[in-house]
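Please read the structure below before turning to the comments.
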Amino acid sequence: MPKSRTVAIVSSSTPFLHTLVAALTFEGHEAVTFGALPHAVKYAVNETPDAVVVDVSSRPPCDEASLSKLVRTVGRDRVWMALPMGMSPWKEDAERLGIDQFLKTPIQPSEVEEILTDLQGLPQVLTSARGEMPCGAKSRYFHIEDMPNNRYFLTASPAMWRIYENVCLLAAVNVPVLILGESGVGKDVIANLLHKRSRRAAHPFCSVNCAALPSDLLESELFGYEAGAFTGAVKAKPGKFEQADKGTILLDEIGEMSAPMQAKLLHVLQDGRYSRLGARSVSQADVRVIAATNVNIEDAIADKLFREDLYYRINAFTIEVPPLRERREEIPYLVEEMMKRQSAVLNQEPVYISPRMMTVLQEYQWPGNLRELGNAVTRMQVLKGHESSLADIESKMVGRTSGVHACAVDTQERTNNVNEMRSIVRNFRDQTESRLIQQALEEARWNRRQAAVALRISYRALLYKIDQYRLKDTRISVRVGATQNRLTAQA
Ligand SMILES: Nc1ncnc2c1ncn2[C@@H]1O[C@H](COP(=O)(O)OP(=O)(O)OP(=O)(O)O)[C@@H](O)[C@H]1O
């Protein structure tokens, strides 16, 4: 029986990825794709894939250090490099690093055949050599995929891995997809991924929040308008369906769409035809439609809030994204990646997350899902990993004591413990927070707007905290004192 292999592919070329991933998965192998070499190197260190294919044809040469680490990690006989028509000034550099298997881009079927045959000949990598994260979670489902605008998709759990696989399959077919899940679980990220992996990737991805606009504004936002279509329409404006031509449109929060708007949308989805407001002509939409919502659509249909016929139009395929609390094994991976990216943006070293901190992060319920986790990571980074950055999470945890821990404890005792812990956490948090705010204010010479930016809180929140902790600008009193002294001396 042919052996199943795991192959990591580094490429930013969609056709290259499509061809190779399709061939590998058809043969029963696992393909893990990366947009950038450093991510693949990290993956190779943790997971020891059977082989790696690095395509350098559509971007500048990868850094030598990463490439040489990759060759050392997986072995030179397991690395292929794809070059434009097999010729490139980087070929010599790659050969110097020990790479001697090259592919031509655009990749040819004969070369794909060759890789598949070679893969069969490779000795199996010991499964025990496959890495584990420090937390002990298996990283078999770990994969990061970079997307435009500094976005990325990370998976490290079987549930998200399945979603990732489905997205890869769905990207190739032009069917409407409905993405369901709580707020902050990553519906928008998945829609972006679907677009990026599709043949429409070179065309626009447009997102419309259907809950944010009243019905008539939403209509003009989606379909555009002609000059004079309504008071204030001085100039004609294309709608999102037009802007997303040949690309993808995400109808976010579709569950909140008003009934009249649902009827208009249904019309467009049926025959792809629409008109700008005030226009006589009809346009034809060439757009892939993805819809997303955190509303329970089936309940909404039962309550007559959502049209059943529209539901069937938008959900040729449904992706249900689980909340973060149902995939806690991803938390260490997400924290690490978020921290790495945050620290790079802030030009700081990533802060150390102690095992205690990680336990707190993994035990918390995360009602705001990955969005809330991202905010917590920012807070930890800004507060330099100080324990206070966890205080608010801990206090929320105390407020939502898990039934598992609590059930054995007598109710009165539990209430006392909770109250006591709450007050300890609150005091500790308040003390540390006021000290950090005072420090930030002093560093910003009491420029409160600057301090708010440094603390990553809103200006209003900072004013509230200054008032709450009765913080004072000590510099002013010294200066006033000095002036008074001077005045006194002059007098
Ligand atoms: N799989 C993921 N990998 C990396 N980051 C993610 C992932 N999923 C979500 N995020 C991050 O979490 C945040 C929320 O994600 P997103 O906006 O996609 O959620 P959503 O489900 O669309 O939320 P809402 O319903 O409120 O619109 C974003 O900052 C996003 O980058």
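Ordered as shown in the structure tokens, chains take letters A, B, and onward, while each chain numbers its residues from 1 and ligands are numbered from 1 in the order shown.
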Within 10 Å of ligand 1 (only C-alpha atoms and all ligand atoms), residues as a short mmCIF file (atom, residue, chain, number, x, y, z; two decimals) with N, CA and C atoms, in the first residue's frame:
```cif
data_model
loop_
_atom_site.label_atom_id
_atom_site.label_comp_id
_atom_site.auth_asym_id
_atom_site.auth_seq_id
_atom_site.Cartn_x
_atom_site.Cartn_y
_atom_site.Cartn_z
N HIS A 143 -1.09 24.97 11.30
CA HIS A 143 -0.78 25.55 9.99
C HIS A 143 -1.11 27.04 10.04
N ILE A 144 -0.22 27.82 9.44
CA ILE A 144 -0.50 29.26 9.35
C ILE A 144 -0.51 29.64 7.89
N GLU A 145 -1.48 30.39 7.51
CA GLU A 145 -1.51 30.86 6.13
C GLU A 145 -1.64 32.38 6.12
N ASP A 146 -0.66 33.02 5.50
CA ASP A 146 -0.70 34.48 5.43
C ASP A 146 -1.68 34.95 4.37
N ASN A 150 -1.82 41.94 6.20
CA ASN A 150 -1.27 41.42 7.47
C ASN A 150 -2.22 40.48 8.18
N ARG A 151 -3.16 39.90 7.48
CA ARG A 151 -4.06 38.96 8.13
C ARG A 151 -3.49 37.56 7.97
N TYR A 152 -3.93 36.66 8.77
CA TYR A 152 -3.46 35.29 8.64
C TYR A 152 -4.50 34.36 9.23
N PHE A 153 -4.43 33.12 8.77
CA PHE A 153 -5.34 32.10 9.29
C PHE A 153 -4.47 31.07 9.99
N LEU A 154 -4.81 30.77 11.24
CA LEU A 154 -4.05 29.77 11.99
C LEU A 154 -4.99 28.64 12.39
N THR A 155 -4.53 27.43 12.20
CA THR A 155 -5.29 26.30 12.72
C THR A 155 -4.35 25.43 13.55
N ALA A 156 -4.85 24.87 14.61
CA ALA A 156 -4.04 23.94 15.42
C ALA A 156 -4.96 22.94 16.11
N MET A 160 -10.62 22.90 13.34
CA MET A 160 -10.25 23.99 12.42
C MET A 160 -9.52 23.42 11.20
N TRP A 161 -8.82 22.32 11.41
CA TRP A 161 -8.13 21.69 10.29
C TRP A 161 -9.15 21.21 9.25
N ILE A 163 -12.06 22.49 8.78
CA ILE A 163 -12.57 23.69 8.12
C ILE A 163 -11.58 24.13 7.03
N TYR A 164 -10.31 24.09 7.39
CA TYR A 164 -9.27 24.49 6.43
C TYR A 164 -9.33 23.61 5.17
N ILE A 179 -21.12 31.03 6.44
CA ILE A 179 -20.22 30.77 7.57
C ILE A 179 -20.96 31.16 8.85
N LEU A 180 -21.09 30.20 9.74
CA LEU A 180 -21.82 30.45 11.00
C LEU A 180 -20.86 30.39 12.17
N GLY A 181 -21.16 31.13 13.20
CA GLY A 181 -20.33 31.06 14.40
C GLY A 181 -20.49 32.31 15.23
N GLU A 182 -20.13 32.19 16.51
CA GLU A 182 -20.25 33.33 17.43
C GLU A 182 -19.38 34.49 16.95
N SER A 183 -19.62 35.64 17.52
CA SER A 183 -18.82 36.81 17.18
C SER A 183 -17.36 36.57 17.58
N GLY A 184 -16.45 36.90 16.65
CA GLY A 184 -15.02 36.81 16.96
C GLY A 184 -14.39 35.45 16.74
N VAL A 185 -15.13 34.49 16.18
CA VAL A 185 -14.53 33.15 16.00
C VAL A 185 -13.66 33.07 14.75
N GLY A 186 -13.79 34.06 13.86
CA GLY A 186 -12.94 34.06 12.67
C GLY A 186 -13.71 33.84 11.37
N LYS A 187 -14.97 34.24 11.33
CA LYS A 187 -15.76 34.04 10.11
C LYS A 187 -15.19 34.88 8.96
N ASP A 188 -14.82 36.11 9.33
CA ASP A 188 -14.28 37.01 8.32
C ASP A 188 -12.93 36.48 7.79
N VAL A 189 -12.12 35.95 8.70
CA VAL A 189 -10.82 35.40 8.32
C VAL A 189 -11.02 34.23 7.36
N ILE A 190 -12.00 33.40 7.64
CA ILE A 190 -12.25 32.22 6.80
C ILE A 190 -12.76 32.66 5.42
N ALA A 191 -13.59 33.69 5.40
CA ALA A 191 -14.07 34.20 4.10
C ALA A 191 -12.90 34.73 3.28
N ASN A 192 -11.97 35.43 3.95
CA ASN A 192 -10.78 35.92 3.26
C ASN A 192 -9.94 34.78 2.71
N LEU A 193 -9.83 33.73 3.51
CA LEU A 193 -9.04 32.57 3.10
C LEU A 193 -9.65 31.91 1.86
N ASN A 209 -21.11 44.98 5.98
CA ASN A 209 -21.77 44.61 7.23
C ASN A 209 -23.25 44.95 7.11
N ASP A 252 -21.65 40.16 5.54
CA ASP A 252 -21.46 39.86 6.97
C ASP A 252 -22.74 40.21 7.74
N GLU A 253 -23.00 39.47 8.80
CA GLU A 253 -24.18 39.69 9.64
C GLU A 253 -25.46 39.61 8.82
N ALA A 292 -22.14 35.48 6.18
CA ALA A 292 -21.73 35.07 7.53
C ALA A 292 -22.71 35.64 8.54
N THR A 293 -22.90 34.92 9.61
CA THR A 293 -23.77 35.43 10.67
C THR A 293 -23.52 34.72 12.00
N ASN A 294 -23.83 35.43 13.09
CA ASN A 294 -23.76 34.76 14.39
C ASN A 294 -25.17 34.51 14.92
N VAL A 295 -26.16 34.82 14.05
CA VAL A 295 -27.56 34.56 14.43
C VAL A 295 -27.87 33.10 14.14
N VAL A 321 -18.14 27.47 12.51
CA VAL A 321 -16.87 27.69 13.19
C VAL A 321 -17.08 27.55 14.70
N PRO A 322 -16.36 26.63 15.33
CA PRO A 322 -16.59 26.43 16.76
C PRO A 322 -16.04 27.59 17.59
N PRO A 323 -16.67 27.87 18.73
CA PRO A 323 -16.11 28.92 19.60
C PRO A 323 -14.74 28.49 20.15
N LEU A 324 -13.97 29.47 20.58
CA LEU A 324 -12.60 29.17 21.04
C LEU A 324 -12.59 28.21 22.23
N GLU A 330 -5.82 25.30 20.75
CA GLU A 330 -5.23 26.27 19.83
C GLU A 330 -4.66 27.48 20.57
N TYR A 333 -0.85 28.23 20.60
CA TYR A 333 -0.36 28.56 19.27
C TYR A 333 -0.80 29.97 18.88
N LEU A 334 -2.08 30.26 19.18
CA LEU A 334 -2.60 31.58 18.83
C LEU A 334 -1.88 32.67 19.61
N VAL A 335 -1.69 32.41 20.91
CA VAL A 335 -1.03 33.42 21.76
C VAL A 335 0.37 33.68 21.23
N GLU A 337 1.60 33.24 18.23
CA GLU A 337 1.61 33.92 16.94
C GLU A 337 1.17 35.38 17.09
N MET A 338 0.10 35.59 17.89
CA MET A 338 -0.39 36.95 18.08
C MET A 338 0.69 37.80 18.74
N GLY A 368 -15.73 36.43 23.92
CA GLY A 368 -15.47 37.23 22.72
C GLY A 368 -14.55 36.51 21.74
N ASN A 369 -14.28 35.23 22.03
CA ASN A 369 -13.49 34.37 21.14
C ASN A 369 -12.12 34.95 20.78
N LEU A 370 -11.70 34.76 19.51
CA LEU A 370 -10.32 35.14 19.16
C LEU A 370 -10.10 36.64 19.22
N ARG A 371 -11.17 37.40 19.03
CA ARG A 371 -11.03 38.86 19.13
C ARG A 371 -10.63 39.24 20.55
N GLU A 372 -11.29 38.63 21.52
CA GLU A 372 -10.98 38.92 22.93
C GLU A 372 -9.58 38.42 23.27
N LEU A 373 -9.22 37.26 22.73
CA LEU A 373 -7.87 36.73 22.98
C LEU A 373 -6.83 37.70 22.42
N GLY A 374 -7.10 38.20 21.21
CA GLY A 374 -6.16 39.15 20.59
C GLY A 374 -5.98 40.39 21.45
N ASN A 375 -7.08 40.87 22.01
CA ASN A 375 -6.99 42.05 22.88
C ASN A 375 -6.19 41.75 24.14
#
```
Just asking: which residues within segment 23-104 of chain A are alpha helix (DSSP H) according to DSSP, as a tab-separated table (two decimals) with N, CA and C atoms, in the first residue's frame?
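Result written to states24.tsv:
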```tsv
chain	number	residue	atom	x	y	z
A	23	ALA	N	-2.66	17.36	-6.55
A	23	ALA	CA	-2.00	16.09	-6.89
A	23	ALA	C	-1.67	15.30	-5.62
A	24	LEU	N	-1.14	16.00	-4.63
A	24	LEU	CA	-0.73	15.30	-3.39
A	24	LEU	C	-1.94	14.72	-2.67
A	25	THR	N	-2.99	15.53	-2.51
A	25	THR	CA	-4.15	15.03	-1.76
A	25	THR	C	-4.85	13.92	-2.54
A	26	PHE	N	-4.83	14.02	-3.89
A	26	PHE	CA	-5.43	12.96	-4.69
A	26	PHE	C	-4.71	11.64	-4.43
A	37	LEU	N	8.59	31.48	4.09
A	37	LEU	CA	9.53	30.43	4.48
A	37	LEU	C	9.71	30.28	6.00
A	38	PRO	N	9.85	31.38	6.75
A	38	PRO	CA	10.08	31.21	8.20
A	38	PRO	C	8.98	30.38	8.88
A	39	HIS	N	7.72	30.52	8.43
A	39	HIS	CA	6.65	29.73	9.04
A	39	HIS	C	6.84	28.26	8.73
A	40	ALA	N	7.29	27.99	7.51
A	40	ALA	CA	7.49	26.59	7.12
A	40	ALA	C	8.65	26.00	7.91
A	41	VAL	N	9.67	26.82	8.17
A	41	VAL	CA	10.82	26.32	8.93
A	41	VAL	C	10.38	25.96	10.34
A	42	LYS	N	9.57	26.84	10.92
A	42	LYS	CA	9.07	26.59	12.27
A	42	LYS	C	8.24	25.29	12.30
A	43	TYR	N	7.42	25.17	11.28
A	43	TYR	CA	6.58	23.97	11.18
A	43	TYR	C	7.47	22.74	11.04
A	44	ALA	N	8.52	22.85	10.20
A	44	ALA	CA	9.40	21.71	9.96
A	44	ALA	C	10.09	21.29	11.26
A	45	VAL	N	10.50	22.29	12.05
A	45	VAL	CA	11.17	21.99	13.32
A	45	VAL	C	10.22	21.23	14.25
A	46	ASN	N	8.96	21.67	14.31
A	46	ASN	CA	8.00	21.03	15.23
A	46	ASN	C	7.44	19.72	14.70
A	47	GLU	N	7.23	19.68	13.39
A	47	GLU	CA	6.44	18.57	12.84
A	47	GLU	C	7.19	17.57	11.98
A	64	GLU	N	18.93	33.08	3.30
A	64	GLU	CA	19.78	31.89	3.34
A	64	GLU	C	19.70	31.16	4.66
A	65	ALA	N	19.61	31.96	5.73
A	65	ALA	CA	19.61	31.34	7.07
A	65	ALA	C	18.43	30.39	7.21
A	66	SER	N	17.23	30.85	6.78
A	66	SER	CA	16.03	30.00	6.90
A	66	SER	C	16.17	28.76	6.02
A	67	LEU	N	16.69	29.00	4.80
A	67	LEU	CA	16.80	27.88	3.87
A	67	LEU	C	17.77	26.83	4.40
A	68	SER	N	18.88	27.31	4.95
A	68	SER	CA	19.86	26.33	5.42
A	68	SER	C	19.32	25.60	6.66
A	69	LYS	N	18.54	26.32	7.50
A	69	LYS	CA	17.93	25.65	8.65
A	69	LYS	C	16.95	24.57	8.18
A	70	LEU	N	16.23	24.90	7.12
A	70	LEU	CA	15.25	23.95	6.57
A	70	LEU	C	15.96	22.69	6.07
A	71	VAL	N	17.06	22.88	5.33
A	71	VAL	CA	17.80	21.73	4.78
A	71	VAL	C	18.34	20.88	5.93
A	72	ARG	N	18.85	21.57	6.97
A	72	ARG	CA	19.39	20.82	8.12
A	72	ARG	C	18.27	20.06	8.83
A	73	THR	N	17.08	20.67	8.92
A	73	THR	CA	15.99	20.06	9.69
A	73	THR	C	15.39	18.85	8.98
A	74	VAL	N	15.09	19.01	7.68
A	74	VAL	CA	14.39	17.89	7.02
A	74	VAL	C	15.33	16.99	6.21
A	90	TRP	N	19.36	32.40	-8.24
A	90	TRP	CA	19.33	31.86	-6.88
A	90	TRP	C	19.66	30.36	-6.87
A	91	LYS	N	19.71	29.78	-8.07
A	91	LYS	CA	19.95	28.34	-8.13
A	91	LYS	C	21.32	28.01	-7.52
A	92	GLU	N	22.31	28.84	-7.87
A	92	GLU	CA	23.66	28.58	-7.36
A	92	GLU	C	23.68	28.65	-5.84
A	93	ASP	N	23.00	29.69	-5.32
A	93	ASP	CA	22.95	29.86	-3.86
A	93	ASP	C	22.32	28.63	-3.21
A	94	ALA	N	21.21	28.16	-3.83
A	94	ALA	CA	20.50	27.01	-3.28
A	94	ALA	C	21.40	25.78	-3.32
A	95	GLU	N	22.14	25.62	-4.41
A	95	GLU	CA	23.02	24.46	-4.54
A	95	GLU	C	24.11	24.51	-3.47
A	96	ARG	N	24.57	25.72	-3.21
A	96	ARG	CA	25.60	25.88	-2.16
A	96	ARG	C	25.06	25.41	-0.80
```
query = Running DSSP on the backbone, which parts of segment 163-311 of chain A land in strand (DSSP E or B), as a list in words?
reply =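 Those residues are Val177, Leu178, Ile179, Leu180, Phe205, Cys206, Ser207, Val208, Asn209, Gly224, Tyr225, Lys237, Pro238, Thr248, Ile249, Leu250, Leu251, Asp252, Arg273, Tyr274, Leu277, Ser283, Gln284, Arg288, Val289, Ile290, Ala291, Ala292 and Thr293 of chain A.
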Export of prior selection with C-alpha atoms as an mmCIF file, in the first residue's frame:
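After the write, part_24.cif holds the following:
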```
data_model
loop_
_atom_site.group_PDB
_atom_site.id
_atom_site.type_symbol
_atom_site.label_atom_id
_atom_site.label_comp_id
_atom_site.auth_asym_id
_atom_site.auth_seq_id
_atom_site.Cartn_x
_atom_site.Cartn_y
_atom_site.Cartn_z
ATOM 1 C CA VAL A 177 -20.928 29.513 1.308
ATOM 2 C CA LEU A 178 -22.561 30.385 4.595
ATOM 3 C CA ILE A 179 -20.225 30.772 7.575
ATOM 4 C CA LEU A 180 -21.822 30.445 10.997
ATOM 5 C CA PHE A 205 -12.651 40.985 -1.870
ATOM 6 C CA CYS A 206 -15.391 43.285 -0.572
ATOM 7 C CA SER A 207 -17.117 42.963 2.756
ATOM 8 C CA VAL A 208 -20.417 44.574 3.702
ATOM 9 C CA ASN A 209 -21.772 44.614 7.230
ATOM 10 C CA GLY A 224 -24.638 51.677 -5.987
ATOM 11 C CA TYR A 225 -26.556 54.645 -7.337
ATOM 12 C CA LYS A 237 -21.274 55.603 -7.026
ATOM 13 C CA PRO A 238 -20.689 51.926 -7.772
ATOM 14 C CA THR A 248 -15.792 37.857 -3.801
ATOM 15 C CA ILE A 249 -18.354 39.657 -1.681
ATOM 16 C CA LEU A 250 -18.846 38.868 1.999
ATOM 17 C CA LEU A 251 -22.323 39.666 3.299
ATOM 18 C CA ASP A 252 -21.462 39.864 6.967
ATOM 19 C CA ARG A 273 -28.829 40.880 -12.278
ATOM 20 C CA TYR A 274 -29.063 44.171 -10.441
ATOM 21 C CA LEU A 277 -30.457 53.014 -7.708
ATOM 22 C CA SER A 283 -25.867 44.967 -14.708
ATOM 23 C CA GLN A 284 -24.769 41.375 -14.458
ATOM 24 C CA ARG A 288 -18.776 34.869 -5.514
ATOM 25 C CA VAL A 289 -21.092 35.345 -2.546
ATOM 26 C CA ILE A 290 -20.102 34.363 0.964
ATOM 27 C CA ALA A 291 -22.477 35.123 3.817
ATOM 28 C CA ALA A 292 -21.728 35.071 7.529
ATOM 29 C CA THR A 293 -23.774 35.431 10.671
#
```
query = So how many Å separate atom CA of Phe16 of chain A and atom CA of Asp55 of chain A, to one decimal?
reply =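 Pair atom CA of Phe16 of chain A / atom CA of Asp55 of chain A returns 8.3 Å.
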message = Would you compute the distance between atom CA of Phe317 of chain A and atom CA of Arg162 of chain A? Give it in Å to one decimal.
response = 13.9 Å
inquiry  = Which residue is closest to Pro49 of chain A? Choose from A:Gln468, A:Ser4, A:Ser12, A:Gln101 and count only C-alpha atoms.
reply    =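 So, comparing all the options, the nearest one is A:Ser4.
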task = Pick out the closest residue to Arg276 of chain A from this set: A:Pro367, A:Gly247, A:Gly228, A:Pro260. Count only C-alpha atoms.
result =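 Closest candidate: A:Gly228.
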task = For atom CA of Arg313 of chain A and atom CA of Val287 of chain A, quote the distance in Å rounded to one decimal.
result =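 According to the coordinates, atom CA of Arg313 of chain A and atom CA of Val287 of chain A are separated by 14.1 Å.
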task = Find the spatial neighbours of Lys264 of chain A, counting only C-alpha atoms, within a cut-off of 12 Å - ignore same-chain residues fewer than 4 positions away - and output them as a list in words.
result =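 Within the cut-off, the hits are Ser215, Asp216, Leu218, Glu219, Ser220, Leu222, Phe223, Met257, Ser258, Ala259, Pro260, Val268, Leu269, Gln270, Asp271, Gly272, Arg273, Tyr274, Ser275, Arg307 and Leu310 of chain A.
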